[in-house]
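This is entry24.txt (compact mmCIF, N, CA and C atoms).
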```
# COMPACT_ATOMS: atom_id res chain seq x y z
N MET A 490 -6.25 -3.35 18.73
CA MET A 490 -5.48 -2.24 18.22
C MET A 490 -6.35 -1.22 17.51
N THR A 491 -7.57 -1.08 17.94
CA THR A 491 -8.47 -0.12 17.33
C THR A 491 -8.64 1.07 18.26
N ASP A 492 -9.47 2.02 17.83
CA ASP A 492 -9.76 3.17 18.67
C ASP A 492 -10.43 2.70 19.95
N CYS A 493 -10.28 3.44 21.02
CA CYS A 493 -10.85 3.09 22.32
C CYS A 493 -11.71 4.26 22.79
N ILE A 494 -12.94 3.96 23.27
CA ILE A 494 -13.83 5.01 23.74
C ILE A 494 -13.93 4.93 25.26
N THR A 495 -13.62 6.04 25.94
CA THR A 495 -13.73 6.14 27.38
C THR A 495 -14.32 7.51 27.72
N ASN A 496 -15.41 7.52 28.47
CA ASN A 496 -16.06 8.78 28.88
C ASN A 496 -16.31 9.71 27.69
N ASN A 497 -16.86 9.18 26.63
CA ASN A 497 -17.17 9.94 25.41
C ASN A 497 -15.96 10.53 24.70
N VAL A 498 -14.76 10.09 25.08
CA VAL A 498 -13.54 10.50 24.38
C VAL A 498 -13.08 9.30 23.58
N ILE A 499 -12.81 9.51 22.31
CA ILE A 499 -12.33 8.42 21.46
C ILE A 499 -10.83 8.56 21.31
N TYR A 500 -10.08 7.65 21.92
CA TYR A 500 -8.62 7.64 21.79
C TYR A 500 -8.27 6.96 20.48
N VAL A 501 -7.37 7.55 19.73
CA VAL A 501 -7.02 7.05 18.41
C VAL A 501 -6.06 5.87 18.55
N GLY A 502 -6.41 4.77 17.89
CA GLY A 502 -5.65 3.54 18.00
C GLY A 502 -4.42 3.45 17.11
N PHE A 503 -3.77 2.32 17.22
CA PHE A 503 -2.48 2.07 16.58
C PHE A 503 -2.52 2.26 15.07
N TRP A 504 -3.41 1.58 14.38
CA TRP A 504 -3.38 1.59 12.91
C TRP A 504 -3.73 2.96 12.35
N GLN A 505 -4.65 3.67 13.00
CA GLN A 505 -4.96 5.03 12.56
C GLN A 505 -3.73 5.93 12.70
N ARG A 506 -3.00 5.72 13.79
CA ARG A 506 -1.80 6.54 14.00
C ARG A 506 -0.69 6.15 13.04
N VAL A 507 -0.63 4.90 12.64
CA VAL A 507 0.33 4.50 11.61
C VAL A 507 0.00 5.21 10.30
N VAL A 508 -1.27 5.26 9.94
CA VAL A 508 -1.69 5.98 8.73
C VAL A 508 -1.29 7.45 8.82
N ALA A 509 -1.53 8.07 9.97
CA ALA A 509 -1.15 9.48 10.16
C ALA A 509 0.36 9.67 10.00
N THR A 510 1.13 8.74 10.54
CA THR A 510 2.59 8.82 10.43
C THR A 510 3.05 8.69 8.99
N ILE A 511 2.42 7.82 8.24
CA ILE A 511 2.76 7.66 6.83
C ILE A 511 2.46 8.95 6.06
N VAL A 512 1.30 9.54 6.31
CA VAL A 512 0.95 10.81 5.66
C VAL A 512 1.97 11.88 6.02
N ASP A 513 2.32 11.96 7.30
CA ASP A 513 3.31 12.97 7.73
C ASP A 513 4.67 12.75 7.08
N THR A 514 5.08 11.50 6.95
CA THR A 514 6.35 11.18 6.31
C THR A 514 6.33 11.62 4.84
N LEU A 515 5.23 11.39 4.17
CA LEU A 515 5.12 11.82 2.77
C LEU A 515 5.18 13.35 2.66
N VAL A 516 4.50 14.05 3.56
CA VAL A 516 4.52 15.52 3.53
C VAL A 516 5.93 16.03 3.76
N VAL A 517 6.61 15.49 4.76
CA VAL A 517 7.99 15.92 5.05
C VAL A 517 8.88 15.62 3.85
N SER A 518 8.70 14.47 3.22
CA SER A 518 9.51 14.10 2.05
C SER A 518 9.28 15.04 0.88
N LEU A 519 8.05 15.52 0.72
CA LEU A 519 7.76 16.47 -0.37
C LEU A 519 8.55 17.77 -0.21
N VAL A 520 8.94 18.09 1.02
CA VAL A 520 9.73 19.29 1.27
C VAL A 520 11.22 18.97 1.26
N THR A 521 11.62 17.91 1.96
CA THR A 521 13.05 17.66 2.15
C THR A 521 13.74 17.06 0.92
N VAL A 522 13.08 16.18 0.21
CA VAL A 522 13.73 15.53 -0.93
C VAL A 522 14.14 16.54 -2.00
N PRO A 523 13.24 17.45 -2.43
CA PRO A 523 13.69 18.44 -3.42
C PRO A 523 14.83 19.34 -2.89
N LEU A 524 14.76 19.70 -1.62
CA LEU A 524 15.84 20.52 -1.05
C LEU A 524 17.17 19.76 -1.05
N LEU A 525 17.14 18.51 -0.63
CA LEU A 525 18.36 17.71 -0.61
C LEU A 525 18.90 17.49 -2.02
N TYR A 526 17.99 17.26 -2.96
CA TYR A 526 18.44 17.08 -4.35
C TYR A 526 19.06 18.36 -4.89
N SER A 527 18.46 19.51 -4.53
CA SER A 527 19.04 20.77 -5.02
C SER A 527 20.41 21.03 -4.37
N LEU A 528 20.61 20.56 -3.16
CA LEU A 528 21.90 20.74 -2.48
C LEU A 528 22.97 19.76 -2.96
N TYR A 529 22.57 18.50 -3.20
CA TYR A 529 23.55 17.44 -3.46
C TYR A 529 23.42 16.78 -4.81
N GLY A 530 22.40 17.12 -5.58
CA GLY A 530 22.23 16.58 -6.92
C GLY A 530 22.21 15.07 -6.95
N ASP A 531 22.92 14.50 -7.92
CA ASP A 531 22.94 13.05 -8.10
C ASP A 531 23.56 12.33 -6.92
N PHE A 532 24.41 12.99 -6.18
CA PHE A 532 25.00 12.39 -4.99
C PHE A 532 23.90 11.95 -4.04
N PHE A 533 22.88 12.79 -3.89
CA PHE A 533 21.75 12.47 -3.03
C PHE A 533 20.92 11.33 -3.62
N SER A 534 20.65 11.38 -4.91
CA SER A 534 19.75 10.39 -5.53
C SER A 534 20.37 9.00 -5.63
N THR A 535 21.68 8.88 -5.58
CA THR A 535 22.30 7.56 -5.68
C THR A 535 22.38 6.86 -4.33
N GLY A 536 22.03 7.57 -3.27
CA GLY A 536 22.05 6.97 -1.94
C GLY A 536 23.46 6.76 -1.42
N SER A 537 24.39 7.56 -1.90
CA SER A 537 25.77 7.47 -1.43
C SER A 537 25.82 7.76 0.06
N SER A 538 26.99 7.61 0.62
CA SER A 538 27.14 7.76 2.08
C SER A 538 26.53 9.05 2.60
N ALA A 539 26.05 8.99 3.81
CA ALA A 539 25.33 10.10 4.44
C ALA A 539 26.21 11.34 4.56
N THR A 540 25.57 12.48 4.43
CA THR A 540 26.24 13.75 4.58
C THR A 540 25.72 14.40 5.85
N PHE A 541 26.62 14.87 6.69
CA PHE A 541 26.22 15.49 7.93
C PHE A 541 26.76 16.91 8.05
N ASP A 542 26.66 17.65 6.97
CA ASP A 542 27.07 19.04 7.03
C ASP A 542 25.89 19.87 7.56
N PRO A 543 26.12 21.14 7.88
CA PRO A 543 25.05 21.95 8.46
C PRO A 543 23.78 22.02 7.61
N ALA A 544 23.92 22.12 6.30
CA ALA A 544 22.73 22.20 5.45
C ALA A 544 21.91 20.91 5.51
N SER A 545 22.59 19.78 5.48
CA SER A 545 21.91 18.49 5.55
C SER A 545 21.21 18.33 6.89
N LEU A 546 21.87 18.70 7.96
CA LEU A 546 21.26 18.61 9.29
C LEU A 546 20.03 19.50 9.39
N LEU A 547 20.12 20.71 8.84
CA LEU A 547 18.99 21.62 8.86
C LEU A 547 17.80 21.04 8.10
N VAL A 548 18.05 20.53 6.89
CA VAL A 548 16.97 19.99 6.06
C VAL A 548 16.38 18.72 6.67
N ASN A 549 17.24 17.83 7.16
CA ASN A 549 16.75 16.53 7.66
C ASN A 549 16.16 16.58 9.06
N TYR A 550 16.65 17.50 9.89
CA TYR A 550 16.21 17.52 11.29
C TYR A 550 15.56 18.84 11.70
N GLY A 551 16.15 19.94 11.30
CA GLY A 551 15.64 21.25 11.70
C GLY A 551 14.28 21.58 11.09
N LEU A 552 14.17 21.45 9.77
CA LEU A 552 12.90 21.77 9.10
C LEU A 552 11.75 20.88 9.57
N PRO A 553 11.94 19.56 9.67
CA PRO A 553 10.83 18.74 10.18
C PRO A 553 10.42 19.14 11.60
N PHE A 554 11.39 19.44 12.46
CA PHE A 554 11.07 19.86 13.82
C PHE A 554 10.24 21.15 13.81
N ILE A 555 10.69 22.14 13.05
CA ILE A 555 9.99 23.41 12.97
C ILE A 555 8.58 23.21 12.40
N GLY A 556 8.49 22.43 11.33
CA GLY A 556 7.18 22.19 10.71
C GLY A 556 6.20 21.51 11.64
N VAL A 557 6.66 20.46 12.31
CA VAL A 557 5.79 19.73 13.24
C VAL A 557 5.36 20.65 14.39
N MET A 558 6.31 21.39 14.94
CA MET A 558 5.98 22.29 16.05
C MET A 558 4.94 23.33 15.63
N LEU A 559 5.10 23.90 14.43
CA LEU A 559 4.13 24.89 13.97
C LEU A 559 2.74 24.28 13.81
N PHE A 560 2.67 23.10 13.21
CA PHE A 560 1.37 22.43 13.07
C PHE A 560 0.77 22.13 14.44
N TRP A 561 1.58 21.59 15.36
CA TRP A 561 1.07 21.28 16.69
C TRP A 561 0.60 22.53 17.41
N LEU A 562 1.38 23.61 17.32
CA LEU A 562 1.01 24.85 18.03
C LEU A 562 -0.26 25.48 17.48
N TYR A 563 -0.44 25.44 16.17
CA TYR A 563 -1.59 26.11 15.57
C TYR A 563 -2.80 25.20 15.34
N LYS A 564 -2.58 23.91 15.16
CA LYS A 564 -3.69 23.00 14.85
C LYS A 564 -3.83 21.85 15.85
N SER A 565 -2.87 21.70 16.75
CA SER A 565 -2.80 20.55 17.67
C SER A 565 -2.77 19.23 16.90
N ALA A 566 -2.28 19.29 15.69
CA ALA A 566 -2.22 18.10 14.84
C ALA A 566 -1.29 18.36 13.66
N THR A 567 -0.70 17.28 13.17
CA THR A 567 0.07 17.34 11.93
C THR A 567 -0.89 17.06 10.77
N PRO A 568 -0.44 17.20 9.52
CA PRO A 568 -1.33 16.87 8.41
C PRO A 568 -1.87 15.43 8.49
N GLY A 569 -1.06 14.50 8.95
CA GLY A 569 -1.53 13.12 9.08
C GLY A 569 -2.65 12.99 10.09
N LYS A 570 -2.50 13.66 11.22
CA LYS A 570 -3.55 13.62 12.24
C LYS A 570 -4.80 14.35 11.76
N MET A 571 -4.62 15.43 11.01
CA MET A 571 -5.78 16.13 10.45
C MET A 571 -6.51 15.23 9.46
N ALA A 572 -5.75 14.43 8.71
CA ALA A 572 -6.36 13.52 7.73
C ALA A 572 -7.24 12.46 8.41
N ILE A 573 -6.87 12.06 9.61
CA ILE A 573 -7.69 11.07 10.33
C ILE A 573 -8.59 11.74 11.36
N LYS A 574 -8.73 13.06 11.25
CA LYS A 574 -9.62 13.86 12.10
C LYS A 574 -9.35 13.66 13.59
N SER A 575 -8.07 13.85 13.95
CA SER A 575 -7.69 13.72 15.35
C SER A 575 -6.82 14.88 15.78
N ILE A 576 -6.70 15.07 17.10
CA ILE A 576 -5.87 16.13 17.65
C ILE A 576 -5.13 15.60 18.88
N ILE A 577 -4.10 16.34 19.26
CA ILE A 577 -3.33 16.03 20.46
C ILE A 577 -3.84 16.94 21.56
N VAL A 578 -4.12 16.36 22.73
CA VAL A 578 -4.56 17.15 23.87
C VAL A 578 -3.80 16.74 25.12
N ASP A 579 -3.85 17.61 26.13
CA ASP A 579 -3.28 17.29 27.43
C ASP A 579 -4.09 16.13 28.02
N ALA A 580 -3.40 15.12 28.50
CA ALA A 580 -4.06 13.91 28.99
C ALA A 580 -4.87 14.15 30.26
N THR A 581 -4.53 15.17 31.02
CA THR A 581 -5.23 15.44 32.28
C THR A 581 -6.43 16.35 32.08
N THR A 582 -6.22 17.44 31.34
CA THR A 582 -7.26 18.47 31.22
C THR A 582 -8.07 18.38 29.92
N GLY A 583 -7.53 17.78 28.89
CA GLY A 583 -8.19 17.77 27.59
C GLY A 583 -7.96 19.05 26.81
N ASP A 584 -7.18 19.97 27.39
CA ASP A 584 -6.87 21.24 26.73
C ASP A 584 -5.69 21.05 25.78
N LYS A 585 -5.41 22.12 25.05
CA LYS A 585 -4.25 22.13 24.16
C LYS A 585 -2.98 21.98 25.01
N PRO A 586 -2.06 21.11 24.60
CA PRO A 586 -0.81 20.96 25.34
C PRO A 586 0.04 22.23 25.30
N THR A 587 0.94 22.34 26.25
CA THR A 587 1.86 23.47 26.30
C THR A 587 3.00 23.25 25.30
N VAL A 588 3.75 24.31 25.05
CA VAL A 588 4.92 24.20 24.18
C VAL A 588 5.89 23.16 24.76
N LYS A 589 6.08 23.18 26.07
CA LYS A 589 6.96 22.22 26.73
C LYS A 589 6.49 20.78 26.47
N GLN A 590 5.19 20.54 26.56
CA GLN A 590 4.67 19.20 26.30
C GLN A 590 4.93 18.79 24.85
N PHE A 591 4.72 19.71 23.92
CA PHE A 591 4.96 19.40 22.52
C PHE A 591 6.43 19.07 22.27
N ILE A 592 7.33 19.82 22.87
CA ILE A 592 8.76 19.56 22.68
C ILE A 592 9.15 18.22 23.28
N ILE A 593 8.67 17.92 24.48
CA ILE A 593 8.94 16.62 25.10
C ILE A 593 8.40 15.51 24.23
N ARG A 594 7.20 15.69 23.72
CA ARG A 594 6.55 14.67 22.87
C ARG A 594 7.38 14.41 21.62
N TYR A 595 7.83 15.48 20.97
CA TYR A 595 8.61 15.34 19.74
C TYR A 595 9.95 14.64 20.01
N LEU A 596 10.68 15.14 20.98
CA LEU A 596 12.02 14.60 21.25
C LEU A 596 11.98 13.17 21.78
N SER A 597 10.96 12.82 22.53
CA SER A 597 10.90 11.46 23.08
C SER A 597 10.37 10.45 22.07
N ALA A 598 9.86 10.91 20.94
CA ALA A 598 9.40 9.98 19.90
C ALA A 598 10.55 9.55 18.99
N ILE A 599 11.67 10.24 19.06
CA ILE A 599 12.78 9.99 18.15
C ILE A 599 13.40 8.60 18.30
N PRO A 600 13.68 8.11 19.51
CA PRO A 600 14.42 6.84 19.62
C PRO A 600 13.71 5.65 18.96
N LEU A 601 13.93 5.51 17.69
CA LEU A 601 13.44 4.39 16.88
C LEU A 601 11.93 4.29 16.76
N GLY A 602 11.18 5.15 17.39
CA GLY A 602 9.73 5.08 17.31
C GLY A 602 9.15 3.86 18.01
N ILE A 603 9.97 3.15 18.79
CA ILE A 603 9.52 1.92 19.44
C ILE A 603 8.34 2.17 20.37
N GLY A 604 8.35 3.32 21.04
CA GLY A 604 7.29 3.64 21.98
C GLY A 604 5.91 3.70 21.34
N LEU A 605 5.86 3.87 20.02
CA LEU A 605 4.57 3.90 19.32
C LEU A 605 3.85 2.56 19.45
N LEU A 606 4.60 1.48 19.60
CA LEU A 606 3.97 0.16 19.74
C LEU A 606 3.05 0.08 20.95
N ALA A 607 3.37 0.85 22.00
CA ALA A 607 2.54 0.85 23.20
C ALA A 607 1.11 1.29 22.91
N VAL A 608 0.90 2.05 21.85
CA VAL A 608 -0.44 2.48 21.48
C VAL A 608 -1.34 1.27 21.28
N GLY A 609 -0.76 0.16 20.84
CA GLY A 609 -1.53 -1.04 20.56
C GLY A 609 -2.15 -1.69 21.78
N TRP A 610 -1.57 -1.50 22.96
CA TRP A 610 -2.11 -2.17 24.14
C TRP A 610 -2.48 -1.23 25.29
N ASP A 611 -2.13 0.03 25.20
CA ASP A 611 -2.43 0.96 26.28
C ASP A 611 -3.92 1.31 26.29
N LYS A 612 -4.52 1.42 27.49
CA LYS A 612 -5.95 1.68 27.58
C LYS A 612 -6.37 3.03 27.01
N ARG A 613 -5.46 4.03 27.06
CA ARG A 613 -5.75 5.33 26.45
C ARG A 613 -4.99 5.53 25.15
N LYS A 614 -4.45 4.45 24.63
CA LYS A 614 -3.76 4.46 23.33
C LYS A 614 -2.59 5.44 23.32
N GLN A 615 -1.86 5.52 24.45
CA GLN A 615 -0.70 6.41 24.55
C GLN A 615 0.58 5.67 24.20
N GLY A 616 1.38 6.29 23.33
CA GLY A 616 2.73 5.81 23.10
C GLY A 616 3.61 6.34 24.22
N TRP A 617 4.85 5.89 24.27
CA TRP A 617 5.76 6.36 25.31
C TRP A 617 5.92 7.88 25.26
N HIS A 618 5.98 8.41 24.04
CA HIS A 618 6.14 9.85 23.89
C HIS A 618 4.93 10.60 24.44
N ASP A 619 3.74 10.00 24.32
CA ASP A 619 2.54 10.60 24.90
C ASP A 619 2.60 10.56 26.42
N LYS A 620 3.03 9.44 26.97
CA LYS A 620 3.11 9.31 28.43
C LYS A 620 4.11 10.31 29.00
N LEU A 621 5.28 10.42 28.37
CA LEU A 621 6.29 11.36 28.86
C LEU A 621 5.82 12.81 28.79
N ALA A 622 5.03 13.14 27.78
CA ALA A 622 4.55 14.51 27.60
C ALA A 622 3.18 14.73 28.23
N ASN A 623 2.57 13.67 28.77
CA ASN A 623 1.22 13.74 29.35
C ASN A 623 0.21 14.23 28.31
N THR A 624 0.24 13.58 27.13
CA THR A 624 -0.70 13.90 26.06
C THR A 624 -1.42 12.64 25.60
N VAL A 625 -2.55 12.84 24.92
CA VAL A 625 -3.25 11.75 24.26
C VAL A 625 -3.69 12.25 22.88
N VAL A 626 -3.92 11.31 21.97
CA VAL A 626 -4.44 11.64 20.65
C VAL A 626 -5.88 11.17 20.64
N ILE A 627 -6.78 12.11 20.35
CA ILE A 627 -8.21 11.80 20.37
C ILE A 627 -8.85 12.20 19.05
N LYS A 628 -10.01 11.61 18.79
CA LYS A 628 -10.79 12.02 17.63
C LYS A 628 -11.29 13.44 17.88
N LYS A 629 -11.17 14.26 16.88
CA LYS A 629 -11.61 15.66 16.98
C LYS A 629 -13.11 15.72 17.10
N SER A 630 -13.59 16.50 18.07
CA SER A 630 -15.05 16.64 18.21
C SER A 630 -15.57 17.51 17.09
N LYS A 631 -16.78 17.25 16.68
CA LYS A 631 -17.32 17.96 15.51
C LYS A 631 -17.80 19.32 15.81
```
With the file now loaded, output its structure as structure tokens.
Amino acid sequence: MTDCITNNVIYVGFWQRVVATIVDTLVVSLVTVPLLYSLYGDFFSTGSSATFDPASLLVNYGLPFIGVMLFWLYKSATPGKMAIKSIIVDATTGDKPTVKQFIIRYLSAIPLGIGLLAVGWDKRKQGWHDKLANTVVIKKSK
């Protein structure tokens, strides 16, 4: 479950990607938690039943989507991937993925994140979301 080197490309392994995901979750929480608290006050902090009004949906789903897309479009990486010095590239060409690939990658990662486990045994360390979007996560060249 470590990084894999093929043809001078270092594919980022499972545990590094877990670290990146944790960093990304913390960054998203730094934005969403204060917004949710300002919208719902103590109702939010007590963990009462979920709220699915438009504001909650925007904060919980819309803002993270927009933030991730902007990072991917401009940096080919989220803050977590930048922290581990890696980027997302097209699996065939090694170029920056298209907007369509990024959207497919994001939306296909949602179902429980189970596809991330495939990173542990795949030869190019691709999760299901990477395979569907034809992307790989590699160490950034210096």
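Straight-line separation from CA of Ala598 (chain A) to atom C of Asp579 (chain A): 16.9 Å.
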Q | atom N of Leu519 (chain A) to atom N of Leu621 (chain A), distance in Å rounded to a single decimal | A | 28.3 Å
Q.
So the first atom is CA of Leu546 (chain A) and the second is CA of Gly530 (chain A); what is the distance between them in Å, to one decimal place?
A.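 According to the coordinates, CA of Leu546 (chain A) and CA of Gly530 (chain A) are separated by 16.4 Å.
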**Q.** Nearest to Lys564 (chain A) by atom-to-atom distance, counting only N, CA and C atoms, from A:Val608, A:Val520, A:Ile576, A:Tyr595
**A.**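 Nearest to Lys564 (chain A): A:Ile576.
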(Q) Which residue is closest to Ala572 (chain A)? Choose from A:Ala544, A:Val512, A:Val498, A:Leu528 and count only C-alpha atoms. (A) A:Val512
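When only C-alpha atoms are used to compute distances to Lys574 (chain A), the closest of the residues A:Ile592, A:Val517, A:Val626, A:Val507 turns out to be A:Val626.
The neighbours of Ala580 (chain A) here are the residues that come within 6 Å of it, using all atoms listed in the file and leaving out any residue fewer than 4 positions away in the same chain; they are Asn623, Thr624 and Val625 of chain A.
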Q: Excluding Leu606 (chain A) and residues on its chain fewer than 2 positions from it, collect all residues at most 8 Å away from it, counting only N, CA and C atoms, and give them as a PyMOL selection string.
A: chain A and resi 503+602-604+608-611+615-617
Q) Mind checking DSSP for chain A and telling me the strand (DSSP E) residues as a PyMOL selection string? A) chain A and resi 493-495+498-500+575-579+624-628
